[in-house]
$ cat run.cif   # mmCIF, C-alpha atoms
data_input
loop_
_atom_site.label_atom_id
_atom_site.label_comp_id
_atom_site.auth_asym_id
_atom_site.auth_seq_id
_atom_site.Cartn_x
_atom_site.Cartn_y
_atom_site.Cartn_z
CA MET A 1 -190.24 -27.67 95.49
CA ALA A 2 -190.63 -24.43 93.60
CA ILE A 3 -193.66 -22.36 94.47
CA LYS A 4 -195.56 -20.61 91.71
CA LYS A 5 -196.43 -17.22 93.13
CA LEU A 6 -199.68 -15.39 92.54
CA TYR A 7 -199.03 -11.70 93.10
CA ARG A 8 -201.85 -9.52 94.37
CA PRO A 9 -202.88 -6.52 92.28
CA LYS A 10 -201.68 -3.17 93.64
CA VAL A 11 -204.90 -1.39 92.74
CA ARG A 12 -208.36 -2.60 93.68
CA VAL A 13 -211.31 -1.84 91.46
CA ASN A 14 -214.37 -0.31 93.11
CA MET A 15 -217.64 -1.71 91.83
CA GLU A 16 -221.23 -2.06 92.88
CA ALA A 17 -221.38 -5.78 92.16
CA ALA A 18 -218.54 -7.94 93.43
CA ILE A 19 -219.98 -11.09 91.84
CA GLU A 20 -222.11 -11.29 88.71
CA ALA A 21 -223.31 -14.49 87.07
CA SER A 22 -225.48 -14.76 84.00
CA GLU A 23 -227.24 -17.97 82.96
CA LEU A 24 -224.51 -20.24 84.31
CA VAL A 25 -224.90 -23.90 83.36
CA LYS A 26 -222.74 -26.85 84.37
CA THR A 27 -223.40 -30.37 83.20
CA TYR A 28 -221.48 -33.58 83.87
CA PRO A 29 -221.68 -36.90 82.07
CA PRO A 30 -223.86 -38.81 81.78
CA GLY A 31 -226.28 -35.92 81.39
CA VAL A 32 -226.26 -34.64 85.00
CA THR A 33 -227.07 -30.93 85.21
CA ALA A 34 -225.63 -29.60 88.47
CA VAL A 35 -226.32 -25.90 87.73
CA ASP A 36 -229.12 -24.95 85.39
CA GLY A 37 -229.14 -21.34 84.19
CA VAL A 38 -228.28 -19.50 87.41
CA SER A 39 -228.05 -15.71 87.39
CA LEU A 40 -227.22 -13.62 90.44
CA SER A 41 -225.62 -10.35 91.49
CA VAL A 42 -223.80 -9.87 94.78
CA SER A 43 -223.24 -6.34 96.06
CA ALA A 44 -219.74 -5.45 97.24
CA GLY A 45 -219.19 -5.52 100.99
CA THR A 46 -222.10 -7.83 101.82
CA ILE A 47 -222.58 -11.40 103.04
CA PHE A 48 -224.54 -13.23 100.37
CA GLY A 49 -225.98 -16.62 101.25
CA LEU A 50 -226.49 -19.42 98.76
CA LEU A 51 -228.92 -21.70 100.60
CA GLY A 52 -229.91 -25.15 99.46
CA PRO A 53 -229.93 -28.83 100.41
CA ASN A 54 -227.02 -31.15 99.72
CA GLY A 55 -226.61 -31.67 96.00
CA ALA A 56 -228.58 -28.55 95.01
CA GLY A 57 -225.68 -27.05 93.03
CA LYS A 58 -224.10 -24.72 95.60
CA SER A 59 -220.56 -26.10 95.51
CA THR A 60 -220.61 -26.34 91.72
CA MET A 61 -221.54 -22.64 91.59
CA VAL A 62 -218.61 -21.79 93.84
CA ARG A 63 -216.22 -23.90 91.76
CA MET A 64 -217.22 -22.04 88.60
CA LEU A 65 -216.96 -18.61 90.24
CA CYS A 66 -213.54 -19.55 91.66
CA THR A 67 -212.33 -20.77 88.23
CA LEU A 68 -211.96 -24.35 89.48
CA ALA A 69 -214.61 -25.58 87.04
CA ARG A 70 -215.39 -24.24 83.59
CA PRO A 71 -219.05 -23.42 82.92
CA THR A 72 -220.76 -25.43 80.23
CA SER A 73 -222.39 -22.15 79.20
CA GLY A 74 -223.08 -18.71 80.61
CA SER A 75 -220.73 -16.06 81.98
CA ALA A 76 -219.52 -14.67 85.29
CA ARG A 77 -217.41 -11.84 86.66
CA VAL A 78 -215.79 -11.82 90.10
CA ALA A 79 -214.21 -8.63 91.47
CA GLY A 80 -214.85 -7.14 88.04
CA ILE A 81 -212.86 -9.84 86.21
CA ASP A 82 -214.26 -12.32 83.70
CA VAL A 83 -213.71 -15.82 85.11
CA LEU A 84 -213.19 -17.30 81.63
CA ALA A 85 -211.10 -14.52 80.08
CA ASP A 86 -208.68 -14.03 82.99
CA PRO A 87 -208.92 -16.81 85.59
CA ASP A 88 -205.46 -16.09 87.06
CA GLU A 89 -206.48 -12.52 87.89
CA VAL A 90 -209.68 -13.77 89.52
CA ARG A 91 -207.64 -16.11 91.72
CA ARG A 92 -205.43 -13.22 92.85
CA ARG A 93 -208.46 -11.30 94.07
CA ILE A 94 -210.36 -14.04 95.92
CA GLY A 95 -210.02 -16.22 98.97
CA VAL A 96 -211.56 -19.69 99.07
CA VAL A 97 -212.48 -21.89 102.02
CA GLY A 98 -213.67 -25.19 100.60
CA GLN A 99 -215.67 -27.95 102.26
CA ARG A 100 -212.55 -30.03 102.86
CA HIS A 101 -209.78 -28.85 105.16
CA GLY A 102 -206.95 -27.29 103.16
CA ALA A 103 -204.19 -27.28 105.79
CA ASP A 104 -201.23 -29.64 106.08
CA ARG A 105 -202.04 -31.63 109.23
CA GLU A 106 -198.36 -32.39 109.91
CA ALA A 107 -197.38 -28.70 109.86
CA THR A 108 -198.21 -26.11 112.50
CA GLY A 109 -200.88 -23.47 112.09
CA ARG A 110 -198.23 -20.79 111.60
CA GLU A 111 -196.34 -22.88 109.05
CA ASN A 112 -199.51 -23.37 107.03
CA LEU A 113 -200.13 -19.64 106.94
CA VAL A 114 -196.56 -18.86 105.91
CA LEU A 115 -196.75 -21.37 103.06
CA GLN A 116 -200.07 -19.87 101.94
CA GLY A 117 -198.54 -16.38 102.01
CA GLU A 118 -195.52 -17.45 99.96
CA PHE A 119 -197.89 -18.84 97.35
CA TYR A 120 -199.29 -15.32 96.97
CA GLY A 121 -195.87 -13.65 96.80
CA LEU A 122 -195.68 -12.46 100.40
CA ALA A 123 -192.41 -12.69 102.30
CA GLY A 124 -190.35 -11.47 105.23
CA ARG A 125 -191.67 -9.24 107.96
CA ASP A 126 -194.95 -8.50 106.18
CA LEU A 127 -195.77 -12.21 105.87
CA ARG A 128 -194.89 -12.93 109.51
CA ARG A 129 -197.02 -9.99 110.66
CA ARG A 130 -200.00 -11.04 108.58
CA ALA A 131 -199.74 -14.63 109.81
CA ALA A 132 -199.66 -13.46 113.43
CA GLU A 133 -202.62 -11.13 112.85
CA ALA A 134 -204.64 -13.88 111.20
CA LEU A 135 -203.94 -16.30 114.05
CA GLU A 136 -204.96 -13.68 116.59
CA ARG A 137 -208.07 -12.65 114.65
CA LEU A 138 -209.35 -16.23 114.47
CA GLY A 139 -208.50 -17.10 118.07
CA LEU A 140 -205.61 -19.42 117.21
CA ALA A 141 -202.64 -17.50 118.61
CA ASP A 142 -202.15 -19.90 121.54
CA ALA A 143 -202.13 -22.90 119.18
CA ALA A 144 -200.03 -21.28 116.44
CA ASP A 145 -197.04 -23.59 116.88
CA ARG A 146 -198.95 -26.83 117.38
CA GLN A 147 -199.39 -29.35 114.59
CA VAL A 148 -202.76 -29.01 112.90
CA LYS A 149 -203.54 -32.67 113.56
CA THR A 150 -203.88 -31.74 117.24
CA TYR A 151 -206.55 -29.10 116.47
CA SER A 152 -210.24 -29.66 117.08
CA GLY A 153 -212.62 -29.57 114.11
CA GLY A 154 -213.61 -26.00 114.92
CA MET A 155 -209.98 -24.89 115.19
CA GLN A 156 -209.13 -26.49 111.85
CA ARG A 157 -212.04 -24.66 110.24
CA ARG A 158 -210.89 -21.34 111.67
CA LEU A 159 -207.40 -22.02 110.31
CA ASP A 160 -208.95 -22.63 106.88
CA VAL A 161 -210.59 -19.20 107.11
CA ALA A 162 -207.32 -17.59 108.24
CA MET A 163 -205.56 -19.08 105.20
CA GLY A 164 -208.26 -17.75 102.90
CA LEU A 165 -207.91 -14.25 104.37
CA LEU A 166 -204.12 -13.99 104.53
CA HIS A 167 -203.65 -12.18 101.18
CA ARG A 168 -206.57 -9.82 101.93
CA PRO A 169 -208.90 -10.82 99.10
CA GLN A 170 -211.69 -8.67 97.75
CA VAL A 171 -214.10 -11.61 97.72
CA LEU A 172 -214.13 -14.54 100.15
CA PHE A 173 -215.93 -17.77 99.29
CA LEU A 174 -217.01 -19.89 102.27
CA ASP A 175 -218.34 -23.22 101.03
CA GLU A 176 -220.29 -24.91 103.85
CA PRO A 177 -217.91 -23.49 106.49
CA THR A 178 -219.69 -25.09 109.47
CA SER A 179 -220.57 -28.46 107.97
CA GLY A 180 -219.69 -31.23 110.41
CA LEU A 181 -219.08 -28.90 113.36
CA ASP A 182 -220.81 -29.37 116.69
CA PRO A 183 -223.33 -26.68 117.76
CA GLU A 184 -220.81 -24.82 119.94
CA ALA A 185 -218.14 -24.69 117.21
CA ARG A 186 -220.79 -23.67 114.67
CA ALA A 187 -221.88 -20.75 116.85
CA GLU A 188 -218.25 -19.66 117.24
CA MET A 189 -217.78 -19.74 113.46
CA TRP A 190 -220.91 -17.62 112.98
CA HIS A 191 -219.44 -15.06 115.34
CA ASP A 192 -216.12 -15.13 113.44
CA VAL A 193 -217.83 -14.58 110.08
CA GLU A 194 -219.93 -11.70 111.44
CA ARG A 195 -216.85 -10.07 112.93
CA LEU A 196 -214.83 -10.48 109.74
CA ALA A 197 -217.58 -8.97 107.63
CA ALA A 198 -217.74 -5.94 109.93
CA GLN A 199 -213.98 -5.46 110.32
CA GLU A 200 -212.71 -6.36 106.85
CA ARG A 201 -215.67 -4.98 104.86
CA MET A 202 -215.12 -7.63 102.21
CA THR A 203 -217.67 -9.44 100.10
CA ILE A 204 -218.46 -12.92 101.41
CA LEU A 205 -220.35 -15.57 99.48
CA LEU A 206 -221.50 -18.23 101.92
CA THR A 207 -222.99 -21.54 100.86
CA THR A 208 -224.93 -23.46 103.48
CA HIS A 209 -227.64 -26.04 104.00
CA TYR A 210 -228.40 -24.71 107.49
CA LEU A 211 -231.52 -22.54 107.52
CA GLU A 212 -230.57 -20.80 110.77
CA GLU A 213 -227.09 -20.03 109.45
CA ALA A 214 -228.43 -18.33 106.33
CA ASP A 215 -231.04 -16.43 108.33
CA ARG A 216 -228.47 -15.12 110.80
CA LEU A 217 -225.50 -14.31 108.55
CA ALA A 218 -226.78 -13.37 105.10
CA SER A 219 -227.87 -9.82 104.32
CA GLU A 220 -229.26 -11.27 101.11
CA LEU A 221 -229.65 -14.84 99.96
CA ALA A 222 -230.67 -17.00 97.05
CA ILE A 223 -232.37 -20.34 97.55
CA ILE A 224 -231.12 -22.94 95.07
CA ASP A 225 -232.89 -26.22 94.36
CA ARG A 226 -232.08 -28.80 91.68
CA GLY A 227 -229.53 -26.41 90.18
CA ARG A 228 -231.90 -23.45 89.86
CA ILE A 229 -232.53 -20.30 91.89
CA VAL A 230 -236.12 -20.51 93.13
CA ALA A 231 -236.18 -17.42 95.37
CA GLN A 232 -233.89 -14.48 96.12
CA GLY A 233 -233.96 -11.49 98.47
CA THR A 234 -233.24 -10.52 102.05
CA PRO A 235 -234.28 -13.14 104.63
CA ALA A 236 -236.75 -10.66 106.10
CA ARG A 237 -238.38 -9.92 102.76
CA LEU A 238 -238.59 -13.58 101.73
CA LYS A 239 -240.29 -14.44 105.01
CA GLY A 240 -242.43 -11.32 104.87
CA ASP A 241 -243.83 -12.37 101.51
CA LEU A 242 -245.54 -15.25 103.31
CA GLU A 243 -248.60 -13.68 104.90
CA GLY A 244 -250.08 -15.06 108.10
CA ASP A 245 -248.85 -17.81 110.41
CA ALA A 246 -247.36 -21.24 109.74
CA ILE A 247 -249.17 -24.23 111.25
CA LEU A 248 -247.38 -27.54 111.71
CA VAL A 249 -249.34 -30.63 112.76
CA GLU A 250 -247.70 -33.94 113.67
CA LEU A 251 -250.03 -36.93 113.57
CA GLY A 252 -249.71 -39.85 115.96
CA ASP A 253 -247.22 -42.53 114.90
CA SER A 254 -249.80 -45.28 115.30
CA ASP A 255 -252.47 -43.43 113.34
CA ALA A 256 -253.70 -45.75 110.58
CA THR A 257 -256.62 -43.59 109.43
CA PRO A 258 -256.03 -42.33 105.85
CA LEU A 259 -255.82 -38.56 105.70
CA ASP A 260 -258.27 -36.98 103.26
CA PRO A 261 -256.57 -33.84 101.79
CA SER A 262 -259.92 -32.08 101.57
CA VAL A 263 -260.34 -32.27 105.35
CA LEU A 264 -258.23 -29.15 105.88
CA ALA A 265 -258.29 -27.63 102.41
CA ARG A 266 -261.91 -26.59 102.81
CA LEU A 267 -261.40 -24.76 106.11
CA ASP A 268 -261.90 -21.00 105.89
CA GLY A 269 -258.72 -18.95 106.35
CA LEU A 270 -256.40 -21.90 105.69
CA SER A 271 -254.16 -22.08 102.60
CA GLU A 272 -251.10 -23.86 101.19
CA VAL A 273 -252.04 -27.10 102.90
CA ALA A 274 -249.33 -29.72 102.31
CA PHE A 275 -249.09 -33.33 103.51
CA ASP A 276 -245.75 -35.03 104.10
CA GLY A 277 -246.25 -38.44 105.69
CA ALA A 278 -247.43 -37.83 109.24
CA THR A 279 -246.77 -34.09 108.97
CA ILE A 280 -249.22 -31.44 107.83
CA ARG A 281 -248.17 -27.89 106.99
CA ALA A 282 -250.49 -24.99 106.28
CA ARG A 283 -250.75 -21.22 106.38
CA ALA A 284 -253.46 -19.30 108.22
CA ARG A 285 -254.42 -15.66 108.48
CA ASP A 286 -254.65 -16.14 112.26
CA GLY A 287 -252.92 -19.29 113.45
CA SER A 288 -254.26 -19.23 116.99
CA ALA A 289 -257.83 -18.94 115.77
CA ALA A 290 -257.38 -21.65 113.15
CA ILE A 291 -255.97 -24.35 115.44
CA PRO A 292 -259.28 -25.37 117.09
CA GLU A 293 -260.88 -25.84 113.67
CA VAL A 294 -257.89 -27.83 112.41
CA LEU A 295 -257.96 -30.13 115.44
CA ALA A 296 -261.72 -30.60 115.20
CA ALA A 297 -261.55 -31.44 111.48
CA LEU A 298 -258.80 -34.01 112.01
CA GLU A 299 -260.58 -35.57 114.98
CA HIS A 300 -263.78 -35.83 112.94
CA ASN A 301 -261.78 -37.62 110.23
CA GLY A 302 -260.41 -40.07 112.83
CA ASN A 303 -256.84 -38.74 112.89
CA ARG A 304 -254.98 -38.50 116.19
CA VAL A 305 -252.85 -35.36 116.63
CA ALA A 306 -249.56 -35.77 118.51
CA ALA A 307 -248.45 -32.13 118.39
CA VAL A 308 -249.37 -28.83 116.80
CA THR A 309 -247.36 -25.59 116.60
CA VAL A 310 -247.94 -22.09 115.29
CA SER A 311 -245.08 -19.83 114.23
CA ARG A 312 -244.22 -16.84 112.16
CA PRO A 313 -242.85 -17.60 108.68
CA SER A 314 -239.38 -19.17 108.51
CA LEU A 315 -236.96 -19.89 105.70
CA ASP A 316 -238.22 -23.47 105.80
CA ASP A 317 -241.66 -22.10 104.90
CA VAL A 318 -240.09 -20.03 102.12
CA TYR A 319 -238.39 -23.12 100.71
CA LEU A 320 -241.62 -25.11 100.93
CA ARG A 321 -243.48 -22.35 99.06
CA HIS A 322 -240.98 -22.11 96.20
CA ALA A 323 -239.62 -25.68 95.95
CA GLY A 324 -242.81 -27.52 96.79
CA ARG A 325 -241.42 -29.71 99.58
CA ALA A 326 -239.91 -29.46 103.03
CA PHE A 327 -236.24 -28.53 103.20
CA ARG A 328 -235.23 -31.53 105.32
CA HIS A 329 -236.43 -33.94 102.60
CA ALA A 330 -234.78 -32.13 99.69
CA ASP A 331 -231.24 -33.56 99.56
CA HIS A 332 -230.03 -34.66 96.13
CA PRO A 333 -226.79 -36.57 96.81
CA ASP A 334 -226.17 -37.38 93.14
CA MET A 335 -226.48 -33.86 91.73
CA GLU A 336 -222.89 -32.81 92.42
CA ALA A 337 -221.24 -36.21 92.50
CA SER A 338 -218.99 -35.29 89.58
CA ALA A 339 -218.07 -31.83 90.87
#
$ encode --input "run.cif" --output "structure tokens"
Amino acid sequence: MAIKKLYRPKVRVNMEAAIEASELVKTYPPGVTAVDGVSLSVSAGTIFGLLGPNGAGKSTMVRMLCTLARPTSGSARVAGIDVLADPDEVRRRIGVVGQRHGADREATGRENLVLQGEFYGLAGRDLRRRAAEALERLGLADAADRQVKTYSGGMQRRLDVAMGLLHRPQVLFLDEPTSGLDPEARAEMWHDVERLAAQERMTILLTTHYLEEADRLASELAIIDRGRIVAQGTPARLKGDLEGDAILVELGDSDATPLDPSVLARLDGLSEVAFDGATIRARARDGSAAIPEVLAALEHNGNRVAAVTVSRPSLDDVYLRHAGRAFRHADHPDMEASA
């Protein structure tokens, strides 16, 4: 089978923004809007996180930026190239690691990398050297000549990343790179991404629905919900914008006493009180000082408290502030069904 080669450009363009999107919209029949007017700018050489629940529009954004889906409206430039005017040139400059494994399971890890390199016009000694380097860099050298079907989930994911890096792209898209991995494999992947960012100095756009992953890896992130960006900034700044402490109260499972919203809303120093079933969230200027009053008010109302915690602001609190509901209850499985 003939392989259509995509040759890499000999000269790379230096730019402040590696990814620019302006008012991107993507709709699917029958009237499903997966991305609704998203604008963002990603600085070159950074890890940018696109954080949101399942179905929020993250993968659709990546597909448009990677030229795999045409925007309904809006514009975008990746590595300085217009994704609509010159999609082939965009593809030469990017690497993509999708949600699904891209390797041939019957071939070995090395064979997959060689095939990927040939697709980009690499050959001979240079291709063999790059394949060996990629295998070593991602901790797969000892398994290089094993069939991919014998790899663990974490190993297959690292091979996907190695394939995306082989042609040395300017921009690397990682779409949910740790989805489905166990905690140990996820931690290993985080370490790999951090090391790659430091060593390769490339721009990485990471989509994730893991709050901890975005907090750890992204130097800047955008929170996307229902196809729209609801907050953007560094994780530290987004959390810092939430003054005071976060209070989380879990009511007893057998508690049948109706909860009157005004019970806590009228307490001095308490704000952003939200009720979600048996869970109460609130913000307080001084969480430790507020807890006794919260417990007393709930007890007076006849509500039994199972647990209460106080913490500094988290990305979950940021999402709750801007999206109006807890992150864990925000999945929209139908939003990207047609993507």
$ resolve_selection --input "run.cif" --expression "the PyMOL selection byres ((chain A and resi 288-296) around 12)" --output "ChimeraX atom specification"
/A:244-251,262-271,273,280-287,297-312
$ closest_atom_pairs --input "run.cif" --of "region 132-216 of chain A" --to "region 24-44 of chain A" --cutoff "9 Å" --atoms "all atoms listed in the file" --output "CSV"
residue,atom,partner,partner_atom,distance
A:Gln170,CA,A:Ala44,CA,8.7
A:Val171,CA,A:Ala44,CA,8.4
A:Arg201,CA,A:Ala44,CA,8.7
A:Met202,CA,A:Ala44,CA,7.1
A:Thr203,CA,A:Ala44,CA,5.3
A:Ile204,CA,A:Ala44,CA,8.7
A:Leu205,CA,A:Val42,CA,8.2
$ closest_residue --input "run.cif" --among "A:Arg146, A:Arg321, A:Arg228, A:Arg100" --to "Gly57 (chain A)" --atoms "only C-alpha atoms"
A:Arg228
$ atom_distance --input "run.cif" --atom1 "CA of Ala162 (chain A)" --atom2 "CA of Gly98 (chain A)"
12.5 Å
$ resolve_selection --input "run.cif" --expression "the PyMOL selection byres ((chain A and resi 224) around 12)" --output "PyMOL selection string"
chain A and resi 34-40+49-61+207-209+221-223+225-232+318-319+322-323+327+330-332
$ closest_residue --input "run.cif" --among "A:Val148, A:Met163, A:Leu181, A:Ala143" --to "Leu127 (chain A)" --atoms "all atoms listed in the file"
A:Met163
$ resolve_selection --input "run.cif" --expression "the PyMOL selection byres ((chain A and resi 83) around 12)" --output "MDAnalysis selection string"
chainID A and resid 19:22 24 62:71 74:82 84:94
$ closest_residue --input "run.cif" --among "A:Leu259, A:Ala187, A:Ala17, A:Leu113" --to "Phe48 (chain A)" --atoms "all atoms listed in the file"
A:Ala17
$ closest_atom_pairs --input "run.cif" --of "region 162-213 of chain A" --to "region 150-155 of chain A" --cutoff "12 Å" --atoms "all atoms listed in the file" --output "tab-separated table"
residue	atom	partner	partner_atom	distance
A:Ala162	CA	A:Met155	CA	10.4
A:Pro177	CA	A:Gly154	CA	9.8
A:Thr178	CA	A:Gly154	CA	8.2
A:Ser179	CA	A:Gly153	CA	10.1
A:Gly180	CA	A:Gly153	CA	8.2
A:Leu181	CA	A:Gly154	CA	6.4
A:Asp182	CA	A:Gly154	CA	8.1
A:Pro183	CA	A:Gly154	CA	10.1
A:Glu184	CA	A:Gly154	CA	8.9
A:Ala185	CA	A:Gly154	CA	5.2
A:Arg186	CA	A:Gly154	CA	7.6
A:Ala187	CA	A:Gly154	CA	10.0
A:Glu188	CA	A:Gly154	CA	8.2
A:Met189	CA	A:Gly154	CA	7.7
A:Trp190	CA	A:Gly154	CA	11.3
A:Asp192	CA	A:Gly154	CA	11.3
$ atom_distance --input "run.cif" --atom1 "CA of Gly117 (chain A)" --atom2 "CA of Asp142 (chain A)"
20.2 Å
$ atom_distance --input "run.cif" --atom1 "CA of Thr234 (chain A)" --atom2 "CA of Thr46 (chain A)"
11.5 Å
$ closest_residue --input "run.cif" --among "A:Ala198, A:Leu320, A:Leu238, A:Ala214" --to "Glu272 (chain A)" --atoms "all atoms listed in the file"
A:Leu320
$ axis_aligned_box --input "run.cif" --around "region 303-308 of chain A" --padding-each-side "3 Å" --output "JSON"
{"center_x": -252.6, "center_y": -33.8, "center_z": 115.7, "size_x": 14.4, "size_y": 15.9, "size_z": 11.6}
$ decode --input "run.cif" --residues "region 227-264 of chain A" --atoms "C-alpha atoms" --output "CSV table (one decimal), in the first residue's frame"
chain,number,residue,atom,x,y,z
A,227,GLY,CA,-19.3,24.2,24.7
A,228,ARG,CA,-18.3,27.6,26.2
A,229,ILE,CA,-15.3,28.8,28.1
A,230,VAL,CA,-16.5,29.9,31.6
A,231,ALA,CA,-13.1,30.7,33.2
A,232,GLN,CA,-9.5,31.0,32.1
A,233,GLY,CA,-6.2,31.7,33.7
A,234,THR,CA,-3.4,30.0,35.7
A,235,PRO,CA,-4.7,27.4,38.2
A,236,ALA,CA,-3.2,29.5,41.0
A,237,ARG,CA,-5.0,32.7,39.9
A,238,LEU,CA,-8.3,31.0,39.3
A,239,LYS,CA,-8.2,29.5,42.8
A,240,GLY,CA,-6.9,32.7,44.3
A,241,ASP,CA,-9.9,34.6,43.0
A,242,LEU,CA,-12.0,32.6,45.4
A,243,GLU,CA,-11.4,34.4,48.8
A,244,GLY,CA,-11.7,32.5,52.0
A,245,ASP,CA,-12.1,28.8,52.7
A,246,ALA,CA,-14.3,26.1,51.2
A,247,ILE,CA,-16.7,24.3,53.5
A,248,LEU,CA,-18.2,21.0,52.5
A,249,VAL,CA,-20.9,19.4,54.6
A,250,GLU,CA,-22.3,15.9,54.1
A,251,LEU,CA,-25.7,15.2,55.7
A,252,GLY,CA,-26.6,11.8,57.1
A,253,ASP,CA,-28.0,9.4,54.5
A,254,SER,CA,-31.1,8.7,56.6
A,255,ASP,CA,-31.8,12.4,57.2
A,256,ALA,CA,-35.4,13.0,56.2
A,257,THR,CA,-35.6,16.6,57.5
A,258,PRO,CA,-36.1,19.1,54.6
A,259,LEU,CA,-33.2,21.5,54.4
A,260,ASP,CA,-34.3,25.1,54.5
A,261,PRO,CA,-31.8,27.1,52.3
A,262,SER,CA,-32.1,30.1,54.5
A,263,VAL,CA,-30.6,28.1,57.5
A,264,LEU,CA,-27.1,28.8,56.3
